[in-house]
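Undergrad: As input, take data-v7.csv (CSV, N, CA and C atoms):
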chain,number,residue,atom,x,y,z
A,29,MET,N,-26.0,-46.0,-31.3
A,29,MET,CA,-24.9,-45.2,-31.8
A,29,MET,C,-25.5,-43.9,-32.4
A,30,VAL,N,-24.8,-42.8,-32.1
A,30,VAL,CA,-25.3,-41.5,-32.6
A,30,VAL,C,-24.4,-41.1,-33.8
A,31,ARG,N,-25.1,-40.6,-34.8
A,31,ARG,CA,-24.4,-40.2,-36.0
A,31,ARG,C,-24.5,-38.7,-36.1
A,32,LEU,N,-23.4,-38.1,-36.4
A,32,LEU,CA,-23.3,-36.6,-36.6
A,32,LEU,C,-22.8,-36.3,-37.9
A,33,SER,N,-23.3,-35.3,-38.5
A,33,SER,CA,-22.8,-34.8,-39.7
A,33,SER,C,-21.5,-34.0,-39.5
A,34,LYS,N,-20.8,-33.8,-40.5
A,34,LYS,CA,-19.6,-33.1,-40.4
A,34,LYS,C,-19.9,-31.7,-39.8
A,35,HIS,N,-20.9,-31.1,-40.3
A,35,HIS,CA,-21.3,-29.7,-39.8
A,35,HIS,C,-21.6,-29.7,-38.3
A,36,GLU,N,-22.4,-30.7,-37.9
A,36,GLU,CA,-22.8,-30.8,-36.5
A,36,GLU,C,-21.5,-31.0,-35.6
A,37,LEU,N,-20.6,-31.9,-36.0
A,37,LEU,CA,-19.4,-32.2,-35.3
A,37,LEU,C,-18.6,-30.9,-35.2
A,38,HIS,N,-18.5,-30.2,-36.3
A,38,HIS,CA,-17.7,-28.9,-36.4
A,38,HIS,C,-18.4,-27.9,-35.4
A,39,GLU,N,-19.7,-27.8,-35.4
A,39,GLU,CA,-20.4,-26.9,-34.5
A,39,GLU,C,-20.1,-27.3,-33.0
A,40,ILE,N,-20.2,-28.6,-32.7
A,40,ILE,CA,-19.9,-29.0,-31.3
A,40,ILE,C,-18.5,-28.7,-30.9
A,41,VAL,N,-17.5,-28.9,-31.7
A,41,VAL,CA,-16.1,-28.6,-31.4
A,41,VAL,C,-15.9,-27.1,-31.3
A,42,HIS,N,-16.6,-26.4,-32.2
A,42,HIS,CA,-16.4,-24.9,-32.2
A,42,HIS,C,-17.0,-24.4,-30.8
A,43,VAL,N,-18.1,-24.8,-30.4
A,43,VAL,CA,-18.7,-24.4,-29.1
A,43,VAL,C,-17.8,-24.8,-28.0
A,44,ALA,N,-17.3,-26.0,-28.0
A,44,ALA,CA,-16.5,-26.5,-26.9
A,44,ALA,C,-15.2,-25.6,-26.8
A,45,VAL,N,-14.6,-25.3,-27.9
A,45,VAL,CA,-13.3,-24.5,-28.0
A,45,VAL,C,-13.7,-23.1,-27.5
A,46,LYS,N,-14.7,-22.6,-28.0
A,46,LYS,CA,-15.1,-21.2,-27.6
A,46,LYS,C,-15.4,-21.1,-26.1
A,47,ASN,N,-16.0,-22.1,-25.5
A,47,ASN,CA,-16.3,-22.2,-24.0
A,47,ASN,C,-14.9,-22.3,-23.3
A,48,ALA,N,-14.1,-23.2,-23.8
A,48,ALA,CA,-12.8,-23.4,-23.1
A,48,ALA,C,-11.9,-22.1,-23.1
A,49,ILE,N,-12.0,-21.4,-24.3
A,49,ILE,CA,-11.2,-20.1,-24.4
A,49,ILE,C,-11.8,-19.1,-23.4
A,50,GLU,N,-13.1,-19.0,-23.3
A,50,GLU,CA,-13.8,-18.0,-22.4
A,50,GLU,C,-13.4,-18.4,-21.0
A,51,GLU,N,-13.4,-19.6,-20.6
A,51,GLU,CA,-13.1,-20.0,-19.2
A,51,GLU,C,-11.6,-19.7,-18.9
A,52,GLU,N,-10.8,-19.9,-19.9
A,52,GLU,CA,-9.3,-19.6,-19.7
A,52,GLU,C,-9.1,-18.1,-19.6
A,53,ARG,N,-9.8,-17.3,-20.4
A,53,ARG,CA,-9.7,-15.9,-20.3
A,53,ARG,C,-10.2,-15.4,-19.0
A,54,GLU,N,-11.3,-15.9,-18.5
A,54,GLU,CA,-11.8,-15.4,-17.2
A,54,GLU,C,-10.9,-15.8,-16.1
A,55,ALA,N,-10.3,-17.0,-16.2
A,55,ALA,CA,-9.3,-17.4,-15.1
A,55,ALA,C,-8.1,-16.5,-15.2
A,56,MET,N,-7.6,-16.2,-16.4
A,56,MET,CA,-6.4,-15.3,-16.5
A,56,MET,C,-6.8,-13.9,-16.0
A,57,LEU,N,-7.9,-13.4,-16.3
A,57,LEU,CA,-8.3,-12.0,-15.8
A,57,LEU,C,-8.4,-12.0,-14.3
A,58,SER,N,-9.0,-13.1,-13.7
A,58,SER,CA,-9.1,-13.2,-12.3
A,58,SER,C,-7.8,-13.2,-11.6
A,59,SER,N,-6.9,-14.0,-12.2
A,59,SER,CA,-5.5,-14.1,-11.7
A,59,SER,C,-4.8,-12.7,-11.8
A,60,PHE,N,-4.9,-12.1,-12.9
A,60,PHE,CA,-4.4,-10.7,-13.1
A,60,PHE,C,-4.9,-9.7,-12.1
A,61,GLU,N,-6.2,-9.8,-11.9
A,61,GLU,CA,-6.9,-8.9,-10.9
A,61,GLU,C,-6.4,-9.1,-9.5
A,62,ASN,N,-6.2,-10.4,-9.1
A,62,ASN,CA,-5.7,-10.7,-7.8
A,62,ASN,C,-4.3,-10.2,-7.6
A,63,LYS,N,-3.5,-10.4,-8.6
A,63,LYS,CA,-2.1,-9.9,-8.5
A,63,LYS,C,-2.0,-8.4,-8.5
A,64,LEU,N,-2.9,-7.8,-9.2
A,64,LEU,CA,-2.9,-6.3,-9.2
A,64,LEU,C,-3.4,-5.8,-7.8
A,65,ASN,N,-4.4,-6.5,-7.3
A,65,ASN,CA,-4.8,-6.1,-5.9
A,65,ASN,C,-3.7,-6.3,-4.9
A,66,ASP,N,-3.0,-7.4,-5.0
A,66,ASP,CA,-1.9,-7.6,-4.1
A,66,ASP,C,-0.8,-6.5,-4.2
A,67,VAL,N,-0.5,-6.1,-5.4
A,67,VAL,CA,0.5,-5.0,-5.7
A,67,VAL,C,0.0,-3.7,-5.1
A,68,VAL,N,-1.3,-3.4,-5.3
A,68,VAL,CA,-1.9,-2.2,-4.8
A,68,VAL,C,-1.9,-2.2,-3.2
A,69,GLU,N,-2.3,-3.3,-2.6
A,69,GLU,CA,-2.3,-3.4,-1.2
A,69,GLU,C,-0.8,-3.3,-0.6
A,70,LYS,N,0.1,-3.9,-1.3
A,70,LYS,CA,1.5,-3.8,-0.8
A,70,LYS,C,2.0,-2.3,-0.9
A,71,ARG,N,1.7,-1.7,-2.0
A,71,ARG,CA,2.0,-0.3,-2.2
A,71,ARG,C,1.4,0.6,-1.1
A,72,ASP,N,0.1,0.3,-0.9
A,72,ASP,CA,-0.6,1.1,0.2
A,72,ASP,C,0.0,0.9,1.6
A,73,ARG,N,0.4,-0.4,1.8
A,73,ARG,CA,1.0,-0.7,3.1
A,73,ARG,C,2.3,0.0,3.3
A,74,ILE,N,3.2,0.0,2.2
A,74,ILE,CA,4.5,0.7,2.3
A,74,ILE,C,4.3,2.2,2.4
A,75,LEU,N,3.3,2.7,1.7
A,75,LEU,CA,3.1,4.2,1.8
A,75,LEU,C,2.6,4.5,3.2
A,76,THR,N,1.7,3.8,3.8
A,76,THR,CA,1.2,4.0,5.1
A,76,THR,C,2.4,3.9,6.1
A,77,GLN,N,3.2,2.9,6.0
A,77,GLN,CA,4.4,2.8,6.9
A,77,GLN,C,5.3,4.0,6.8
A,78,GLN,N,5.6,4.4,5.6
A,78,GLN,CA,6.4,5.6,5.3
A,78,GLN,C,5.8,6.9,5.9
A,79,MET,N,4.5,7.0,5.8
A,79,MET,CA,3.8,8.2,6.3
A,79,MET,C,3.9,8.1,7.9
A,80,LYS,N,3.7,7.0,8.5
A,80,LYS,CA,3.7,6.9,9.9
A,80,LYS,C,5.1,7.2,10.4
A,81,ARG,N,6.1,6.6,9.7
A,81,ARG,CA,7.5,6.9,10.1
A,81,ARG,C,7.9,8.4,10.0
A,82,SER,N,7.4,9.0,8.9
A,82,SER,CA,7.7,10.4,8.7
A,82,SER,C,7.0,11.2,9.8
A,83,LEU,N,5.7,10.9,10.1
A,83,LEU,CA,5.0,11.6,11.2
A,83,LEU,C,5.7,11.4,12.5
A,84,GLU,N,6.2,10.2,12.8
A,84,GLU,CA,6.9,9.9,14.1
A,84,GLU,C,8.2,10.7,14.1
A,85,GLU,N,8.9,10.8,13.0
A,85,GLU,CA,10.1,11.6,13.0
A,85,GLU,C,9.9,13.1,13.2
A,86,GLN,N,8.8,13.6,12.6
A,86,GLN,CA,8.4,15.0,12.8
A,86,GLN,C,8.0,15.2,14.2
A,87,ARG,N,7.3,14.3,14.8
A,87,ARG,CA,6.9,14.4,16.2
A,87,ARG,C,8.1,14.4,17.1
A,88,GLU,N,9.0,13.5,16.9
A,88,GLU,CA,10.2,13.5,17.7
A,88,GLU,C,11.1,14.7,17.6
A,89,GLN,N,11.2,15.3,16.3
A,89,GLN,CA,11.9,16.5,16.1
A,89,GLN,C,11.2,17.7,16.8
A,90,HIS,N,9.9,17.7,16.8
A,90,HIS,CA,9.2,18.7,17.5
A,90,HIS,C,9.4,18.7,19.0
A,91,LEU,N,9.4,17.4,19.5
A,91,LEU,CA,9.6,17.3,21.0
A,91,LEU,C,11.0,17.7,21.4
A,92,LEU,N,12.0,17.4,20.5
A,92,LEU,CA,13.4,17.8,20.8
A,92,LEU,C,13.5,19.4,20.7
A,93,GLU,N,12.8,20.0,19.8
A,93,GLU,CA,12.8,21.4,19.7
A,93,GLU,C,12.2,22.0,20.9
A,94,VAL,N,11.0,21.5,21.4
A,94,VAL,CA,10.3,22.0,22.6
A,94,VAL,C,11.2,21.8,23.8
A,95,ALA,N,11.9,20.7,23.9
A,95,ALA,CA,12.8,20.4,25.0
A,95,ALA,C,13.9,21.4,25.0
A,96,ALA,N,14.5,21.6,23.9
A,96,ALA,CA,15.6,22.6,23.8
A,96,ALA,C,15.2,24.0,24.1
A,97,THR,N,14.0,24.3,23.7
A,97,THR,CA,13.5,25.7,24.0
A,97,THR,C,13.3,25.8,25.5
A,98,GLN,N,12.7,24.8,26.1
A,98,GLN,CA,12.5,24.8,27.6
A,98,GLN,C,13.8,24.8,28.3
A,99,GLU,N,14.8,24.1,27.8
A,99,GLU,CA,16.1,24.1,28.5
A,99,GLU,C,16.7,25.5,28.4
A,100,GLU,N,16.6,26.1,27.2
A,100,GLU,CA,17.1,27.4,27.0
A,100,GLU,C,16.4,28.4,27.9
A,101,THR,N,15.1,28.3,28.0
A,101,THR,CA,14.3,29.2,28.9
A,101,THR,C,14.8,29.0,30.4
A,102,ARG,N,14.9,27.8,30.8
A,102,ARG,CA,15.4,27.5,32.1
A,102,ARG,C,16.8,28.1,32.4
A,103,SER,N,17.7,27.9,31.4
A,103,SER,CA,19.0,28.5,31.5
A,103,SER,C,19.0,30.0,31.6
A,104,SER,N,18.2,30.6,30.8
A,104,SER,CA,18.0,32.0,30.8
A,104,SER,C,17.5,32.5,32.1
A,105,TRP,N,16.6,31.8,32.7
A,105,TRP,CA,16.0,32.2,34.0
A,105,TRP,C,17.1,32.1,35.0
A,106,TRP,N,17.8,31.0,35.0
A,106,TRP,CA,18.9,30.9,36.0
A,106,TRP,C,20.0,31.9,35.8
A,107,SER,N,20.4,32.1,34.6
A,107,SER,CA,21.4,33.1,34.4
A,107,SER,C,21.0,34.5,34.8
A,108,LYS,N,19.7,34.8,34.5
A,108,LYS,CA,19.2,36.1,35.0
A,108,LYS,C,19.2,36.2,36.5
A,109,LEU,N,18.8,35.2,37.2
A,109,LEU,CA,18.8,35.1,38.6
A,109,LEU,C,20.2,35.3,39.2
A,110,LEU,N,21.2,34.5,38.6
A,110,LEU,CA,22.5,34.6,39.1
A,110,LEU,C,23.2,35.9,38.8
A,111,LYS,N,22.8,36.5,37.7
A,111,LYS,CA,23.4,37.9,37.3
A,111,LYS,C,22.9,38.9,38.3
A,112,LYS,N,21.7,38.8,38.7
A,112,LYS,CA,21.1,39.8,39.7
A,112,LYS,C,21.8,39.7,41.1
A,113,LYS,N,22.1,38.4,41.4
A,113,LYS,CA,22.8,38.2,42.7
A,113,LYS,C,24.3,38.6,42.7
A,114,GLY,N,24.9,38.5,41.6
A,114,GLY,CA,26.3,38.7,41.4
A,114,GLY,C,26.6,40.1,41.3
Please express what this file holds, its structure, as structure tokens.
TA:
Amino acid sequence: MVRLSKHELHEIVHVAVKNAIEEEREAMLSSFENKLNDVVEKRDRILTQQMKRSLEEQREQHLLEVAATQEETRSSWWSKLLKKKG
């Protein structure tokens, strides 16, 4: 049988509680860090998707403008040709 003084028992309990608190704190910090990383990754994914969508819309708009300009140029050429014949 092991005998402990009140002071020794108090010290053992104090160290055990201190270790348990530290382990819980580390677990909470790790959990918080993981959640924060998830939020940042989600934000980055959404931002990247929005940027891609915006670039695609700009590209489509540019293509439409180029097509309209080409159509206008073709129409002008035909109208000049027809005016000369008429």
Undergrad: Quick one: distance from atom N of A:Ile49 to atom C of A:Leu37 in Å, one decimal?
TA: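 Taking atom N of A:Ile49 and atom C of A:Leu37, their separation equals 15.9 Å.
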Undergrad: If you measure from atom CA of A:Lys70 to atom N of A:Glu51, what distance in Å do you get, rounded to one decimal?
TA: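 Result for atom CA of A:Lys70 versus atom N of A:Glu51: 29.4 Å, one decimal.
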Undergrad: Report the distance between atom CA of A:Glu54 and atom CA of A:Ile40 in Å, rounded to one decimal place.
TA: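 Computed distance, atom CA of A:Glu54 to atom CA of A:Ile40, equals 21.2 Å.
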